[in-house]
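With compact mmCIF, C-alpha atoms and all ligand atoms inside, this is target.txt:
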```txt
# COMPACT_ATOMS: atom_id res chain seq x y z
CA MET A 358 -2.48 -21.00 50.24
CA ASP A 359 0.67 -19.10 49.22
CA SER A 360 0.70 -15.42 49.91
CA VAL A 361 1.21 -12.96 47.07
CA ASN A 362 4.48 -11.73 48.52
CA GLY A 363 5.85 -15.23 48.28
CA SER A 364 5.20 -15.41 44.58
CA SER A 365 8.82 -15.01 43.51
CA GLY A 366 9.87 -18.14 45.35
CA THR A 367 6.78 -20.27 45.41
CA ALA A 368 4.87 -19.41 42.24
CA GLY A 369 3.33 -22.33 40.51
CA THR A 370 0.33 -23.28 42.56
CA SER A 371 -3.01 -22.33 41.19
CA GLY A 372 -3.77 -20.33 44.33
CA THR A 373 -0.83 -18.00 43.76
CA HIS A 374 -1.68 -17.63 40.12
CA ASP A 375 -5.28 -16.71 40.83
CA SER A 376 -4.49 -14.10 43.46
CA GLN A 377 -1.92 -12.49 41.16
CA SER A 378 -4.40 -12.34 38.33
CA ALA A 379 -6.89 -10.68 40.60
CA SER A 380 -4.40 -8.09 41.82
CA LEU A 381 -3.40 -7.33 38.22
CA GLY A 382 -7.01 -7.05 37.14
CA ALA A 383 -6.86 -3.33 36.50
CA GLN A 384 -3.78 -3.72 34.28
CA SER A 385 -5.22 -6.53 32.22
CA THR A 386 -7.96 -4.26 30.87
CA PRO A 387 -6.42 -3.09 27.60
CA THR A 388 -5.79 0.63 27.22
CA GLN A 389 -7.30 2.49 24.30
CA ALA A 390 -3.87 2.42 22.66
CA GLU A 391 -3.55 -1.35 23.12
CA THR A 392 -6.98 -1.90 21.63
CA GLN A 393 -6.12 0.34 18.71
CA GLU A 394 -2.80 -1.46 18.18
CA GLN A 395 -4.62 -4.80 18.13
CA ASP A 396 -7.14 -3.48 15.57
CA LEU A 397 -4.28 -2.24 13.40
CA ARG A 398 -2.53 -5.61 13.63
CA GLU A 399 -5.68 -7.32 12.42
CA ALA A 400 -6.23 -4.81 9.61
CA LEU A 401 -2.64 -5.24 8.41
CA ALA A 402 -2.41 -8.98 9.03
CA GLU A 403 -1.92 -9.75 5.33
CA ASN A 404 1.04 -7.35 5.12
CA PRO A 405 3.89 -8.71 7.30
CA GLN A 406 6.07 -5.71 6.38
CA ALA A 407 3.56 -3.27 7.86
CA VAL A 408 3.02 -5.45 10.93
CA ALA A 409 6.80 -5.56 11.49
CA ALA A 410 6.89 -1.76 11.26
CA LEU A 411 4.09 -1.52 13.83
CA SER A 412 6.00 -3.87 16.14
CA ALA A 413 9.14 -1.76 15.74
CA LEU A 414 7.14 1.28 16.83
CA THR A 415 5.30 -0.23 19.79
CA ALA A 416 8.36 -2.12 21.10
CA ASN A 417 10.33 1.14 21.19
CA THR A 418 11.21 2.19 24.75
CA HIS A 419 10.29 5.82 24.08
CA TYR A 420 6.86 4.82 22.77
CA ALA A 421 6.23 2.73 25.89
CA GLN A 422 6.85 5.79 28.09
CA LEU A 423 4.26 7.96 26.33
CA SER A 424 0.82 8.58 27.82
CA VAL A 425 -2.01 6.52 26.39
CA GLU A 426 -3.30 9.60 24.63
CA GLN A 427 0.09 10.20 23.00
CA GLN A 428 0.29 6.54 21.98
CA VAL A 429 -3.14 6.81 20.34
CA GLN A 430 -1.94 9.86 18.40
CA ALA A 431 1.15 7.96 17.27
CA LEU A 432 -0.93 4.99 16.11
CA ASP A 433 -3.28 7.32 14.20
CA ALA A 434 -0.29 8.85 12.45
CA PHE A 435 1.14 5.39 11.73
CA ASN A 436 -2.16 4.24 10.23
CA ALA A 437 -1.96 7.06 7.67
CA ALA A 438 1.18 5.41 6.25
CA PRO A 439 1.94 2.13 8.00
CA ASN A 440 5.50 1.59 6.84
CA LEU A 441 8.95 1.46 8.38
CA ALA A 442 9.78 5.08 7.55
CA THR A 443 6.71 6.39 9.38
CA ALA A 444 7.36 4.07 12.34
CA THR A 445 10.94 5.38 12.50
CA TYR A 446 9.71 8.96 12.40
CA LEU A 447 7.20 8.34 15.20
CA GLN A 448 9.90 6.75 17.35
CA GLY A 449 11.81 10.01 16.96
CA VAL A 450 8.73 12.05 17.87
CA ALA A 451 8.27 9.91 20.99
CA GLU A 452 11.89 10.46 21.96
CA GLN A 453 11.56 14.21 21.49
CA THR A 454 8.26 14.32 23.37
CA LEU A 455 9.91 12.78 26.42
CA ASN A 456 13.10 14.79 26.07
CA PRO A 457 12.59 18.11 24.26
CA GLN A 458 16.36 18.65 24.21
CA ALA A 459 16.87 15.47 22.17
CA THR A 460 17.44 15.81 18.43
CA PRO A 461 16.64 12.33 17.16
CA THR A 462 18.18 11.53 13.79
CA SER A 463 15.25 9.25 12.96
CA LEU A 464 12.98 12.21 12.22
CA THR A 465 14.54 12.71 8.79
CA PRO A 466 16.08 10.26 6.32
CA ASP A 467 19.89 10.10 6.17
CA ALA A 468 19.93 9.39 2.44
CA GLY A 469 17.80 8.41 -0.53
CA THR A 470 16.19 9.98 -3.55
CA LEU A 471 12.93 11.72 -4.36
CA THR A 472 11.39 12.47 -7.74
CA LEU A 473 8.49 14.89 -7.36
CA ASP A 474 6.73 16.77 -10.18
CA GLY A 475 9.45 15.68 -12.61
CA GLN A 476 12.32 16.98 -10.43
CA THR A 477 14.78 14.53 -8.92
CA TYR A 478 16.49 15.30 -5.61
CA SER A 479 19.04 13.37 -3.65
CA ILE A 480 18.48 13.28 0.10
CA ARG A 481 21.15 14.20 2.63
CA ASN A 482 20.19 14.29 6.31
CA GLY A 483 16.65 15.41 5.61
CA ASN A 484 17.61 17.96 2.96
CA LEU A 485 16.54 17.66 -0.66
CA ILE A 486 19.49 18.40 -2.90
CA GLY A 487 18.64 19.55 -6.42
CA ALA A 488 20.63 18.90 -9.58
CA ASP A 489 22.49 22.18 -8.99
CA GLY A 490 23.79 20.89 -5.65
CA GLN A 491 21.71 23.40 -3.67
CA VAL A 492 19.26 22.59 -0.89
CA ALA A 493 15.80 22.77 -2.48
CA GLY A 494 13.70 21.71 0.51
CA THR A 495 13.32 19.25 3.36
CA ILE A 496 11.83 15.80 3.81
CA ARG A 497 10.84 13.84 6.89
CA ASN A 498 10.62 10.12 7.44
CA ASP A 499 6.83 10.29 7.57
CA GLY A 500 6.90 11.37 3.93
CA GLN A 501 6.17 15.08 4.45
CA VAL A 502 8.05 17.32 2.04
CA GLN A 503 8.47 21.06 2.01
CA LEU A 504 10.12 22.78 -0.92
CA ASN A 505 11.86 26.12 -0.34
CA ASN A 506 9.27 28.09 -2.29
CA GLU A 507 6.27 26.42 -0.65
CA THR A 508 4.57 27.46 2.57
CA THR A 509 2.96 24.11 3.43
CA THR A 510 4.12 20.51 3.51
CA ARG A 511 2.80 17.79 1.26
CA SER A 512 2.95 14.02 1.35
CA VAL A 513 5.15 12.02 -0.99
CA TYR A 514 2.39 9.38 -1.02
CA ASP A 515 -0.21 11.61 -2.70
CA ASP A 516 1.01 10.93 -6.27
CA ILE A 517 1.41 7.27 -7.25
CA ASN A 518 4.21 8.18 -9.65
CA THR A 519 6.38 9.88 -7.04
CA ARG A 520 9.69 8.05 -6.66
CA VAL A 521 10.53 7.71 -2.97
CA GLN A 522 13.57 6.09 -1.43
CA LEU A 523 14.14 6.93 2.22
CA ARG A 524 17.24 5.44 3.85
CA GLU A 525 18.48 5.42 7.42
CA THR A 526 21.75 4.28 8.98
CA ASN A 527 21.02 1.19 11.08
CA ALA A 528 22.73 -0.15 14.21
CA ALA A 529 25.32 -1.91 12.05
CA GLN A 530 26.22 1.47 10.49
CA GLU A 531 24.79 0.39 7.14
CA LEU A 532 22.28 2.34 5.07
CA GLN A 533 18.96 0.55 5.11
CA ASP A 534 15.83 1.26 3.02
CA LEU A 535 12.85 2.40 5.06
CA VAL A 536 10.68 2.69 1.98
CA ASN A 537 11.60 2.30 -1.67
CA LEU A 538 8.85 3.11 -4.16
CA HIS A 539 9.18 3.52 -7.92
CA ALA A 540 6.66 5.09 -10.28
CA ALA A 541 3.42 3.09 -10.17
CA ASP A 542 2.07 3.99 -13.60
CA PRO A 543 5.04 5.14 -15.70
CA ASN A 544 3.26 4.23 -18.96
CA ALA A 545 0.14 6.19 -17.98
CA ARG A 546 -2.05 3.13 -18.47
CA LEU A 547 -4.68 4.49 -16.08
CA ASP A 548 -4.93 7.56 -18.32
CA ASN A 549 -5.97 5.39 -21.27
CA ALA A 550 -9.29 6.80 -22.51
CA ASN A 551 -10.55 3.21 -22.86
CA ILE A 552 -10.26 2.73 -19.10
CA ASN A 553 -13.37 3.83 -17.27
CA ARG A 554 -12.65 6.83 -15.01
CA GLU A 555 -14.26 5.20 -11.97
CA MET A 556 -12.09 2.11 -12.51
CA ALA A 557 -9.00 4.31 -12.84
CA ARG A 558 -9.87 6.22 -9.68
CA LEU A 559 -10.37 3.02 -7.68
CA ALA A 560 -7.17 1.45 -9.01
CA THR A 561 -5.24 4.61 -8.11
CA ASP A 562 -6.72 4.46 -4.62
CA VAL A 563 -5.73 0.79 -4.20
CA ILE A 564 -2.16 1.40 -5.40
CA SER A 565 -1.85 4.52 -3.28
CA ARG A 566 -2.82 2.64 -0.13
CA ALA A 567 -0.48 -0.25 -1.00
CA ARG A 568 2.38 2.22 -1.47
CA MET A 569 1.67 3.82 1.92
CA GLU A 570 2.09 0.34 3.37
CA GLY A 571 5.47 0.03 1.69
CA MET A 572 4.36 -2.15 -1.24
CA ASP A 573 6.03 -1.03 -4.47
CA MET A 574 3.27 -1.77 -6.97
CA ARG A 575 2.66 -0.76 -10.58
CA VAL A 576 0.05 -1.08 -13.33
CA VAL A 577 1.08 -3.63 -15.95
CA SER A 578 -1.95 -3.90 -18.21
CA ASP A 579 -5.17 -2.06 -18.87
CA PHE A 580 -7.57 -2.15 -21.83
CA ARG A 581 -7.63 -5.09 -24.21
CA SER A 582 -9.84 -5.16 -27.31
CA VAL A 583 -12.11 -8.12 -28.06
CA GLU A 584 -9.70 -9.13 -30.87
CA GLU A 585 -6.68 -8.93 -28.56
CA GLN A 586 -8.57 -10.99 -26.00
CA ASN A 587 -9.26 -13.70 -28.60
CA ALA A 588 -5.54 -13.81 -29.46
CA LEU A 589 -4.71 -14.14 -25.78
CA PHE A 590 -7.25 -16.93 -25.35
CA ALA A 591 -5.65 -18.83 -28.24
CA GLN A 592 -2.32 -18.81 -26.43
CA GLY A 593 -1.64 -22.27 -25.02
CA ARG A 594 -4.57 -23.69 -26.97
CA THR A 595 -4.29 -23.15 -30.73
CA ALA A 596 -1.22 -20.88 -30.47
CA PRO A 597 2.18 -21.33 -28.73
CA GLY A 598 2.71 -20.38 -25.10
CA ARG A 599 1.04 -21.23 -21.81
CA VAL A 600 -2.62 -20.70 -21.00
CA VAL A 601 -3.02 -17.27 -19.35
CA THR A 602 -6.76 -16.68 -19.54
CA ASN A 603 -10.04 -18.56 -19.62
CA ALA A 604 -11.80 -15.58 -21.15
CA THR A 605 -12.62 -15.34 -24.86
CA GLY A 606 -13.12 -11.99 -26.58
CA GLY A 607 -15.91 -10.08 -24.85
CA SER A 608 -15.91 -12.19 -21.70
CA SER A 609 -13.13 -10.33 -19.87
CA TRP A 610 -13.76 -7.06 -18.08
CA HIS A 611 -10.48 -5.86 -19.64
CA ASN A 612 -12.44 -5.66 -22.92
CA TYR A 613 -14.70 -3.02 -21.41
CA GLY A 614 -12.07 -0.91 -19.67
CA LEU A 615 -13.20 -2.20 -16.29
CA ALA A 616 -10.15 -4.26 -15.28
CA VAL A 617 -6.46 -3.60 -14.75
CA ASP A 618 -3.54 -5.78 -13.72
CA VAL A 619 -1.14 -4.59 -11.05
CA ALA A 620 2.21 -6.18 -10.21
CA PHE A 621 5.27 -5.16 -8.21
CA ASN A 622 8.33 -3.11 -9.12
CA ASN A 623 11.64 -4.87 -8.65
CA ALA A 624 14.72 -3.10 -7.26
CA ASN A 625 15.35 -1.56 -10.68
CA GLY A 626 11.80 -0.32 -11.06
CA GLN A 627 10.88 -3.01 -13.56
CA PRO A 628 7.66 -5.09 -13.41
CA SER A 629 7.91 -8.32 -11.47
CA TRP A 630 5.56 -10.96 -10.06
CA PRO A 631 7.34 -12.32 -6.98
CA GLU A 632 5.73 -15.37 -5.35
CA ASN A 633 6.46 -14.10 -1.84
CA ALA A 634 5.04 -10.58 -2.31
CA ASN A 635 2.03 -9.37 -0.31
CA TRP A 636 -0.52 -10.26 -2.98
CA ASP A 637 -3.14 -11.13 -0.38
CA ARG A 638 -2.95 -7.68 1.17
CA TYR A 639 -3.22 -6.06 -2.25
CA GLY A 640 -6.34 -8.15 -2.90
CA GLU A 641 -7.75 -7.24 0.49
CA ILE A 642 -7.28 -3.51 -0.16
CA ALA A 643 -9.01 -3.88 -3.53
CA VAL A 644 -11.97 -5.85 -2.15
CA GLN A 645 -12.40 -3.27 0.65
CA ARG A 646 -12.93 -0.68 -2.10
CA GLY A 647 -15.61 -2.69 -3.89
CA LEU A 648 -13.41 -4.26 -6.55
CA GLU A 649 -13.29 -7.93 -7.45
CA TRP A 650 -9.85 -9.54 -7.09
CA GLY A 651 -8.64 -12.31 -9.41
CA GLY A 652 -6.72 -13.90 -6.53
CA ASN A 653 -10.05 -15.07 -5.12
CA TRP A 654 -10.87 -17.11 -8.22
CA ARG A 655 -10.68 -20.85 -8.49
CA GLY A 656 -9.15 -22.24 -11.67
CA ILE A 657 -6.73 -19.62 -12.95
CA ASN A 658 -5.67 -17.72 -9.87
CA ASP A 659 -5.08 -14.22 -11.28
CA ARG A 660 -3.49 -12.30 -8.41
CA PRO A 661 -2.52 -9.14 -10.37
CA HIS A 662 -6.07 -8.69 -11.68
CA ILE A 663 -8.71 -6.31 -10.25
CA GLU A 664 -12.02 -5.43 -11.92
CA TYR A 665 -15.09 -3.31 -11.30
CA HIS A 666 -18.64 -4.15 -12.34
CA PRO A 667 -21.12 -3.12 -9.65
CA GLY A 668 -24.21 -5.35 -9.65
CA LEU A 669 -22.73 -8.01 -11.92
CA GLY A 670 -20.57 -11.07 -11.27
CA ALA A 671 -17.07 -11.73 -12.58
CA GLY A 672 -18.45 -14.28 -15.06
CA GLU A 673 -21.07 -11.94 -16.51
CA ALA A 674 -18.77 -9.78 -18.64
CA ARG A 675 -20.07 -11.43 -21.78
CA THR A 676 -23.56 -10.06 -21.15
CA MET A 677 -22.04 -6.63 -22.00
CA LEU A 678 -21.13 -7.69 -25.54
CA PRO A 679 -24.41 -6.63 -27.22
CA ALA A 680 -24.21 -3.19 -25.61
CA TYR A 681 -20.59 -2.92 -26.68
CA ARG A 682 -21.45 -3.88 -30.29
CA GLN A 683 -24.23 -1.32 -30.26
CA GLY A 684 -22.68 1.70 -28.55
CA GLY A 685 -19.10 0.91 -27.64
CA LEU A 686 -17.57 1.40 -24.21
CA ASP A 687 -19.82 4.37 -23.41
CA GLN A 688 -22.90 2.17 -23.82
CA VAL A 689 -21.44 -0.50 -21.52
CA TRP A 690 -20.51 2.02 -18.83
CA ASN A 691 -23.88 3.69 -19.13
CA ASN A 692 -25.67 0.36 -18.68
CA LEU A 693 -23.66 -0.25 -15.52
CA GLY A 694 -24.46 3.20 -14.19
CA LEU A 695 -20.83 4.29 -14.34
CA GLY A 696 -19.63 7.71 -15.33
CA GLY A 697 -18.01 8.28 -18.71
CA ARG A 698 -14.44 8.85 -19.77
ZN ZN B 1 -6.37 -8.97 -15.77
```

As structure tokens, how would this structure be written, given the file I've shared?
Amino acid sequence: MDSVNGSSGTAGTSGTHDSQSASLGAQSTPTQAETQEQDLREALAENPQAVAALSALTANTHYAQLSVEQQVQALDAFNAAPNLATATYLQGVAEQTLNPQATPTSLTPDAGTLTLDGQTYSIRNGNLIGADGQVAGTIRNDGQVQLNNETTTRSVYDDINTRVQLRETNAAQELQDLVNLHAADPNARLDNANINREMARLATDVISRARMEGMDMRVVSDFRSVEEQNALFAQGRTAPGRVVTNATGGSSWHNYGLAVDVAFNNANGQPSWPENANWDRYGEIAVQRGLEWGGNWRGINDRPHIEYHPGLGAGEARTMLPAYRQGGLDQVWNNLGLGGR
């Protein structure tokens, strides 16, 4: 049998392979960080953008030199906002951890824009520049902002209408987007009084999580009356256009304020429905929060659509019609055990 020290020249026999495996046994047990990384990869599998950001972090030489405990901390922080900007920030933290004298430029964005609470700032090397040209605060690549008059930081991901574009100079000396998020509900559709509050809260939560993962999503439709639903059903049947719904008036959860449609923003912040977007991940996030996703339907595959009707199936919306005729939306929500407006 080949000896282990001959492995460089004579590897290839099963004997050599076995003895090497045995001697590497301790290393082949995954560390806590490796296990956590694998779990994250599985959780984010439907979002290739987020997985690529995770790979960028864990392949970083500075990250590899951290202790397991420090790697676990980095992965926890990444999980809070698994996008390229956060990964870039954590690479900088790793570099600084190993070399406290280092001042990594990846901690703060080189350029970009931020609109927060109605104020728009341009970003220059981590500084927020107000309309008057003065520095109004700072921003980091993990999305933490601190305005000059505030004593604590806050996250740019906490408000789905915050406009965030964080840019970093890449190896080719070009500015590259790390994240680019437009307002997610510019028409305040989730504030519509005909949308159930629980539905609005869940939709906000879904969009918020998608944005943290770098997906620039937005609400495109909300409540639809029974009459509007009948008009939509006619489209492609007795009226011009293509068929967009199989639901007649009263048989869509949109009619009861318990469904919304969410699409993506394009580069100009306009609604778009790209084929190659991460629809599956959006659906996964929604289902994890107890919503039903139209992308799981046979027949008309309605990927933008999410709805909420605990205890009832997607096809049972019509059973709500008598309650609606009797007491309106409040009666429907009451029957479903949902809170009011
Ligand atoms: Zn819909």

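Candidate residues A:Leu411, A:Ala529, A:Ile657, A:Leu693 were compared for distance to ligand ZN 1 (chain B), and the nearest is A:Ile657, using only C-alpha atoms and all ligand atoms.
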
Problem - Neighbour list for Glu649 in chain A as an MDAnalysis selection string, cut-off 7 Å, only C-alpha atoms, skip fewer than 2 positions in-chain - result: chainID A and resid 644 647 651 663:665

Handout entry: Counting all atoms listed in the file, the residue of A:Ala616, A:Ala680, A:Leu589, A:Ala545 that sits nearest ligand ZN 1 (chain B)
Key =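 The closest residue to ligand ZN 1 (chain B) is A:Ala616.
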
Practice task
Find the distance between CA of Ile517 in chain A and CA of Val601 in chain A and write it in Å to one decimal.
Solution key: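 A separation of 27.7 Å between them.
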
Exercise for the section: Measure the distance from CA of Arg594 in chain A to CA of Arg655 in chain A in Å and round it to one decimal. Expected result: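 Result for CA of Arg594 in chain A versus CA of Arg655 in chain A: 19.7 Å, one decimal.
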
Handout entry: Close residues to ligand ZN 1 (chain B) using all atoms listed in the file, limit 7 Å, as a ChimeraX atom specification
Key = /A:611,616-618,661-663

Practice task
Determine, counting all atoms listed in the file, which protein, DNA and RNA residues have an atom within 6 Å of an atom of range 457-467 of chain A; residues of the same chain fewer than 3 positions away are not included. Present the result as a PyMOL selection string.
Solution key: chain A and resi 445-446+449+453-454+481-483+497-498+523-525

Completion exercise
Of A:Gly626, A:Gln522, A:Glu452, A:Val563, the one sitting nearest Ile480 in chain A when using all atoms listed in the file is A:Gln522

Practice task
State, in Å with one decimal place, the distance from CA of Thr443 in chain A to CA of Thr386 in chain A.
Solution key: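 Separation between CA of Thr443 in chain A and CA of Thr386 in chain A: 28.1 Å.
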
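Distance check against Val583 in chain A using only C-alpha atoms: of A:Ala674, A:Glu570, A:Gly696, A:Leu535, the minimum falls on A:Ala674.
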
Fill in the blank from the handout: The residue from A:Leu615, A:Ala596, A:Val425, A:Ala567 with the smallest atom-to-atom distance to Val536 in chain A, counting only C-alpha atoms, is A:Ala567

Problem - Residue neighbourhood Arg566 in chain A, 10 Å, all atoms listed in the file, exclusion window fewer than 3 positions, as an NGL selection string - result: :A and (437-439 or 514-515 or 517 or 560-563 or 569-572 or 639 or 642-643)

What would the file look like if the residues just selected were written as a PDB file, keeping the file's coordinate frame with C-alpha atoms?
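File produced: out31.pdb:
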```pdb
ATOM      1  CA  ALA A 437      -1.960   7.060   7.670  1.00  0.00           C
ATOM      2  CA  ALA A 438       1.180   5.410   6.250  1.00  0.00           C
ATOM      3  CA  PRO A 439       1.940   2.130   8.000  1.00  0.00           C
ATOM      4  CA  TYR A 514       2.390   9.380  -1.020  1.00  0.00           C
ATOM      5  CA  ASP A 515      -0.210  11.610  -2.700  1.00  0.00           C
ATOM      6  CA  ILE A 517       1.410   7.270  -7.250  1.00  0.00           C
ATOM      7  CA  ALA A 560      -7.170   1.450  -9.010  1.00  0.00           C
ATOM      8  CA  THR A 561      -5.240   4.610  -8.110  1.00  0.00           C
ATOM      9  CA  ASP A 562      -6.720   4.460  -4.620  1.00  0.00           C
ATOM     10  CA  VAL A 563      -5.730   0.790  -4.200  1.00  0.00           C
ATOM     11  CA  MET A 569       1.670   3.820   1.920  1.00  0.00           C
ATOM     12  CA  GLU A 570       2.090   0.340   3.370  1.00  0.00           C
ATOM     13  CA  GLY A 571       5.470   0.030   1.690  1.00  0.00           C
ATOM     14  CA  MET A 572       4.360  -2.150  -1.240  1.00  0.00           C
ATOM     15  CA  TYR A 639      -3.220  -6.060  -2.250  1.00  0.00           C
ATOM     16  CA  ILE A 642      -7.280  -3.510  -0.160  1.00  0.00           C
ATOM     17  CA  ALA A 643      -9.010  -3.880  -3.530  1.00  0.00           C
TER      18      ALA A 643
END
```

Handout entry: Nearest to Ser578 in chain A, chosen from A:Ala604, A:Val619, A:Ile486, A:Ile496, with all atoms listed in the file counted in the distances
Key = A:Val619
